[in-house]
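Q: Here it is, the structure, as C-alpha cells.
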Amino acid sequence: MEASRKDKGRRPKSKLCRIWHVIKNPKTPCGDPCVVIPGHILHKPDPCIYDQFLLMAMNQPVTWDNPDVSIFLGGVEQYTYNLTVGTTYDVAITVHNSSRLKPANGTVVDVRWIEFGAGGQTRHHIATLAANVPVWPGTAVVNTPWRTPDVPGHYCIEVELSHPDDGNPANNRGWNNTQVYAAHSQVTRPIRIFNQYLKGCPPVDEGHGPTLRPHRVFLGWAVLGALAGFFLKDFGPARLPPLLRVATTVAIGYLIFALLGLLAESVFAWIKRSRNRAATDAKHARDDERRQRTPCNLVEIDVDSYVFQDTVGKGFDPATVFRGKPAVWPARVEPSRFLFAAGEAHRDVDFIVDAPDVRGDPGLFNVNVRQGGMPSGGVTITVTREGP
C-alpha cells in the first residue's frame, strides 16, 4: 500500500497506456488513469462553510447571519450592522470538512467585503488565509484583522474556500450580511439589489454531439502507426540505407494509421451524434423553456423568518434544521419582482414590516434574492421593538 502511494505521482514509463487512452477517451475528467487513481474511487477532502447559495439552489431556507463568520472587537462579538468606520476588527471564520477520511490540509480561505445589499459584484480583498481542517466533525478556525473603510456604510463579509483536491467545490462560498432597525410601528428601509448581468445575459450552452478531435487522430492513431512502422522496419526496401529505411516505414505507418483513424473517428462521432440527437433536442427544449420562463434580468425577492439551528451527529435532523418559517410579522418587499433595464447597475427596493407597538422580542427577517432563477444574494434584517 505504501509503495502505491509513493508511485501515485510518478510519470509512467510506458507510453502505450497514455496513447491508448487518448484514442479511447476524448478527455480525462478524473486525471490521467495511467498515473493516478480515478477520482470516483479516490477519497477526497471536502472543506466547506455555511453556503447560502448552494442551499438556495437546493430550495432550502437560509439565513444571511452566517453561523461560520464572527466579528470581534476587543474580544466582544459584533455584527456587520453595527461597525464603526476606520476601526480594526477581528474576523473569525470556522471551516468545516465533510469528509470522514481525508483532512483538508492547506485549504485556502479568501475573505472579502462587498457593499451591503444583494448581488454585489465589486469585491474588496481583506485577507487570504490557510486552514488545516481535520476530518469530520472537526473544524478549524482562522482569524484575520480587518480595518473597516473610512466612509460610513454597511458591509457584507464574503468567505470563499478553495482546495486543489476538493471533493465538492459547490459548498465553498458564504456571506455574512445583516442589518438591524428599531421598530416604529411600520418599518420601511431600502435594500440595494445589484444587477449580476450588467453586460448582458450569459450564453447558454446549447450542447452538441461528439466532434472529430484531431489530436485523437494525429497523436493517437498515427503515433501507433509510426510505432508499428518502426518495428516493421525490416520489411522496408532493402536497397535503402538503414536510417532512411526506418524513416520510410515510420512515415508510411503514420500516414496509413492517420487515415484509418480519421475514418474510424468520423464513424464513431457520427454514431454518437445519432444516439445523442434525442437527448440534445430535449436539452434544447428545456433551455428554450428556461429562457422564456425566467429571463436573466428578472429579479424575484421573498421574505421569511428562518433561523438556522446547527447540530452535530445524531442530533442533526435535516427535516428540522431546514424547516422553513414564515415571516413572524407582516413583511414584504416592494417591488418583490421586477426586470432590470438594459445597462441598469442596481435598483433600490423597500423592505416593509409592520411591527407590534409593544416592547418584546425582536423579529428576524431573511430577504432572499434570485436573478434569472438563480441565487443572487440576500440580507438578514433584525427589527427590534422599543414600545412602551
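Chain lettering (A, B, ...) mirrors the order of the C-alpha cells, residue numbering begins at 1 for each chain separately, and ligand numbering begins at 1 in order of display.
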With a distance cut-off of 7 Å and only C-alpha atoms, select the neighbouring residues of A:Pro330, excluding the residue or stretch itself and same-chain residues fewer than 3 positions from it, and output the selection as a VMD selection string.
A: chain A and resid 327 353 to 354
Q: Write a file of the just-selected residues containing N, CA, C and O atoms, as a PDB file, in the first residue's frame.
A:
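Written file, out_16.pdb:
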```
ATOM      1  N   ALA A 327     -42.613  34.675   7.756  1.00  0.00           N
ATOM      2  CA  ALA A 327     -42.305  35.922   8.461  1.00  0.00           C
ATOM      3  C   ALA A 327     -43.111  36.024   9.745  1.00  0.00           C
ATOM      4  O   ALA A 327     -44.329  35.771   9.756  1.00  0.00           O
ATOM      5  N   VAL A 353     -42.066  46.233   7.026  1.00  0.00           N
ATOM      6  CA  VAL A 353     -42.558  45.305   8.037  1.00  0.00           C
ATOM      7  C   VAL A 353     -43.437  46.073   9.021  1.00  0.00           C
ATOM      8  O   VAL A 353     -43.115  47.192   9.436  1.00  0.00           O
ATOM      9  N   ASP A 354     -44.567  45.488   9.380  1.00  0.00           N
ATOM     10  CA  ASP A 354     -45.481  46.067  10.365  1.00  0.00           C
ATOM     11  C   ASP A 354     -45.207  45.410  11.705  1.00  0.00           C
ATOM     12  O   ASP A 354     -45.675  44.297  11.984  1.00  0.00           O
TER      13      ASP A 354
END
```
Q: Would you list the contacts of A:Leu339 as a PyMOL selection string, taking every protein, DNA or RNA residue within 7 Å and counting only C-alpha atoms, but skipping same-chain residues closer than 2 positions in sequence?
A: chain A and resi 297-299+341
Q: Neighbours of stretch 153-158 of chain A within 6 Å (only C-alpha atoms; same-chain residues fewer than 3 positions away dropped), as a list in words?
A: Val111, Arg112, Trp113, Ile114, Glu115, Phe116, Gly174, Trp175, Asn176 and Asn177 of chain A
Q: Which neighbours of A:Pro237 fall inside 10 Å, counting only C-alpha atoms, when residues of the same chain fewer than 4 positions from it are skipped, and could you give them as a PDB file with C-alpha atoms, in the first residue's frame?
A:
```
ATOM      1  CA  LYS A 233      11.500  -1.598 -40.465  1.00  0.00           C
ATOM      2  CA  PRO A 241      20.206   2.821 -46.088  1.00  0.00           C
ATOM      3  CA  PRO A 242      19.115   1.623 -42.606  1.00  0.00           C
ATOM      4  CA  LEU A 244      16.236   6.008 -44.403  1.00  0.00           C
ATOM      5  CA  ARG A 245      14.502   2.610 -44.349  1.00  0.00           C
ATOM      6  CA  VAL A 246      13.340   3.222 -40.765  1.00  0.00           C
ATOM      7  CA  THR A 248      10.233   5.389 -44.638  1.00  0.00           C
ATOM      8  CA  THR A 249       8.393   2.658 -42.724  1.00  0.00           C
TER       9      THR A 249
END
```
Q: So that I can check the surroundings of stretch 257-263 of chain A, please list as a list in words every protein, DNA and RNA residue that reaches within 6 Å of it, counting only C-alpha atoms and ignoring chain neighbours fewer than 3 positions away.
A: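 The residues that qualify are Val217, Trp221, Ala222, Gly225, Tyr254 and Ser266 of chain A.
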Q: Can you write just those residues out, N, CA, C and O atoms, as an mmCIF file, in the first residue's frame?
A:
```
data_model
loop_
_atom_site.group_PDB
_atom_site.id
_atom_site.type_symbol
_atom_site.label_atom_id
_atom_site.label_comp_id
_atom_site.auth_asym_id
_atom_site.auth_seq_id
_atom_site.Cartn_x
_atom_site.Cartn_y
_atom_site.Cartn_z
ATOM 1 N N VAL A 217 -6.559 11.638 -33.731
ATOM 2 C CA VAL A 217 -6.091 11.055 -34.986
ATOM 3 C C VAL A 217 -4.577 11.137 -35.098
ATOM 4 O O VAL A 217 -3.885 10.131 -35.303
ATOM 5 N N TRP A 221 -3.912 7.516 -33.154
ATOM 6 C CA TRP A 221 -3.835 6.522 -34.221
ATOM 7 C C TRP A 221 -2.516 6.631 -35.001
ATOM 8 O O TRP A 221 -1.836 5.620 -35.240
ATOM 9 N N ALA A 222 -2.179 7.830 -35.426
ATOM 10 C CA ALA A 222 -0.997 7.996 -36.265
ATOM 11 C C ALA A 222 0.288 7.617 -35.527
ATOM 12 O O ALA A 222 1.207 7.028 -36.110
ATOM 13 N N GLY A 225 0.628 4.007 -35.572
ATOM 14 C CA GLY A 225 1.117 3.589 -36.877
ATOM 15 C C GLY A 225 2.609 3.799 -37.026
ATOM 16 O O GLY A 225 3.323 2.956 -37.605
ATOM 17 N N TYR A 254 2.648 6.001 -40.160
ATOM 18 C CA TYR A 254 1.972 7.186 -39.622
ATOM 19 C C TYR A 254 0.809 7.599 -40.521
ATOM 20 O O TYR A 254 -0.308 7.853 -40.067
ATOM 21 N N SER A 266 -14.446 9.469 -37.500
ATOM 22 C CA SER A 266 -15.601 10.073 -38.158
ATOM 23 C C SER A 266 -16.840 9.205 -37.990
ATOM 24 O O SER A 266 -17.935 9.701 -37.688
#
```
Q: Can you tell me which residues surround A:Gly372 at a distance of at most 10 Å, considering only C-alpha atoms, apart from same-chain residues fewer than 2 positions away, and format the answer as a PyMOL selection string?
A: chain A and resi 196-197+201+290-291+293-300+339+370+374-376
Q: When DSSP is applied to the backbone of this structure, which of stretch 286-368 of chain A are assigned strand (DSSP E or B)? Write them out as a ChimeraX atom specification.
A: /A:298-304,331-334,337-339,346-354,360-368
Q: Would you list the contacts of A:Asn172 as number ranges by chain, taking every protein, DNA or RNA residue within 8 Å and counting only C-alpha atoms, but skipping same-chain residues closer than 3 positions in sequence?
A: A: 47-51, 159-162, 169
Q: Looking at A:Ala127, A:Leu224, A:Val76, A:Val135, which one is nearest to A:Arg100, with distances taken over only C-alpha atoms?
A: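 Of A:Ala127, A:Leu224, A:Val76, A:Val135, the one nearest A:Arg100, counting only C-alpha atoms, is A:Val135.
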Q: Would you compute the distance between atom CA of A:Lys102 and atom CA of A:Phe53? Give it in Å to one decimal.
A: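 About the pair atom CA of A:Lys102 and atom CA of A:Phe53: they are 24.9 Å apart.
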Q: Which residue out of A:Asp310, A:Asp350, A:Asp68, A:Asp165 has the minimum interatomic distance to A:Pro45 when only C-alpha atoms are used?
A: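 Nearest to A:Pro45: A:Asp165.
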Q: Would you please extract all alpha helix (DSSP H) residues from stretch 253-367 of chain A, as assigned by DSSP on the backbone, and give them as an NGL selection string?
A: :A and (253-293 or 318-321)
Q: Counting only C-alpha atoms, which residues of stretch 109-210 of chain A fall within 7 Å of stretch 93-99 of chain A, and what is the closest atom pair for each with its distance in Å at one decimal, ordered by chain and rising number, as JSON lines?
A:
```
{"residue": "A:Val133", "atom": "CA", "partner": "A:Asn97", "partner_atom": "CA", "distance": 6.3}
{"residue": "A:Pro134", "atom": "CA", "partner": "A:Asn97", "partner_atom": "CA", "distance": 6.8}
{"residue": "A:Val135", "atom": "CA", "partner": "A:Ser99", "partner_atom": "CA", "distance": 5.7}
{"residue": "A:Trp136", "atom": "CA", "partner": "A:Asn97", "partner_atom": "CA", "distance": 5.5}
{"residue": "A:Gly138", "atom": "CA", "partner": "A:His96", "partner_atom": "CA", "distance": 6.8}
{"residue": "A:Thr139", "atom": "CA", "partner": "A:His96", "partner_atom": "CA", "distance": 4.8}
{"residue": "A:Ala140", "atom": "CA", "partner": "A:Val95", "partner_atom": "CA", "distance": 5.3}
{"residue": "A:Val141", "atom": "CA", "partner": "A:Thr94", "partner_atom": "CA", "distance": 4.5}
{"residue": "A:Val142", "atom": "CA", "partner": "A:Ile93", "partner_atom": "CA", "distance": 5.4}
{"residue": "A:Asn143", "atom": "CA", "partner": "A:Ile93", "partner_atom": "CA", "distance": 6.4}
```
Q: Take the residues just selected and output them with N, CA, C and O atoms as a CSV table (one decimal), in the first residue's frame.
A:
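As a result, again.csv now contains:
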```
chain,number,residue,atom,x,y,z
A,133,VAL,N,-7.8,21.6,8.1
A,133,VAL,CA,-9.1,21.1,8.7
A,133,VAL,C,-9.1,19.6,8.9
A,133,VAL,O,-8.9,18.9,7.9
A,134,PRO,N,-9.3,19.1,10.1
A,134,PRO,CA,-9.3,17.7,10.3
A,134,PRO,C,-10.6,17.1,9.7
A,134,PRO,O,-11.5,17.8,9.2
A,135,VAL,N,-10.7,15.8,9.8
A,135,VAL,CA,-11.8,15.1,9.2
A,135,VAL,C,-13.0,15.4,10.1
A,135,VAL,O,-12.9,15.8,11.2
A,136,TRP,N,-14.2,15.2,9.4
A,136,TRP,CA,-15.5,15.4,10.1
A,136,TRP,C,-15.5,14.6,11.4
A,136,TRP,O,-15.1,13.5,11.5
A,138,GLY,N,-14.5,17.5,12.8
A,138,GLY,CA,-13.5,18.5,13.2
A,138,GLY,C,-13.6,19.8,12.4
A,138,GLY,O,-14.1,19.8,11.3
A,139,THR,N,-13.2,20.9,13.0
A,139,THR,CA,-13.3,22.2,12.3
A,139,THR,C,-11.9,22.9,12.6
A,139,THR,O,-11.2,22.5,13.4
A,140,ALA,N,-11.7,24.0,11.8
A,140,ALA,CA,-10.6,24.8,12.0
A,140,ALA,C,-11.1,26.3,12.0
A,140,ALA,O,-11.9,26.6,11.2
A,141,VAL,N,-10.5,27.1,12.9
A,141,VAL,CA,-10.9,28.5,12.9
A,141,VAL,C,-9.7,29.3,12.5
A,141,VAL,O,-8.6,29.2,13.1
A,142,VAL,N,-9.9,30.2,11.5
A,142,VAL,CA,-8.8,31.1,11.1
A,142,VAL,C,-9.3,32.5,11.4
A,142,VAL,O,-10.5,32.9,11.4
A,143,ASN,N,-8.3,33.4,11.7
A,143,ASN,CA,-8.6,34.8,12.1
A,143,ASN,C,-7.8,35.7,11.3
A,143,ASN,O,-6.7,35.4,10.8
```
Q: Atom CA of A:Val379 and atom CA of A:Trp64 are how many Å apart?
A: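 One can read the atom CA of A:Val379 to atom CA of A:Trp64 distance as 5.3 Å.
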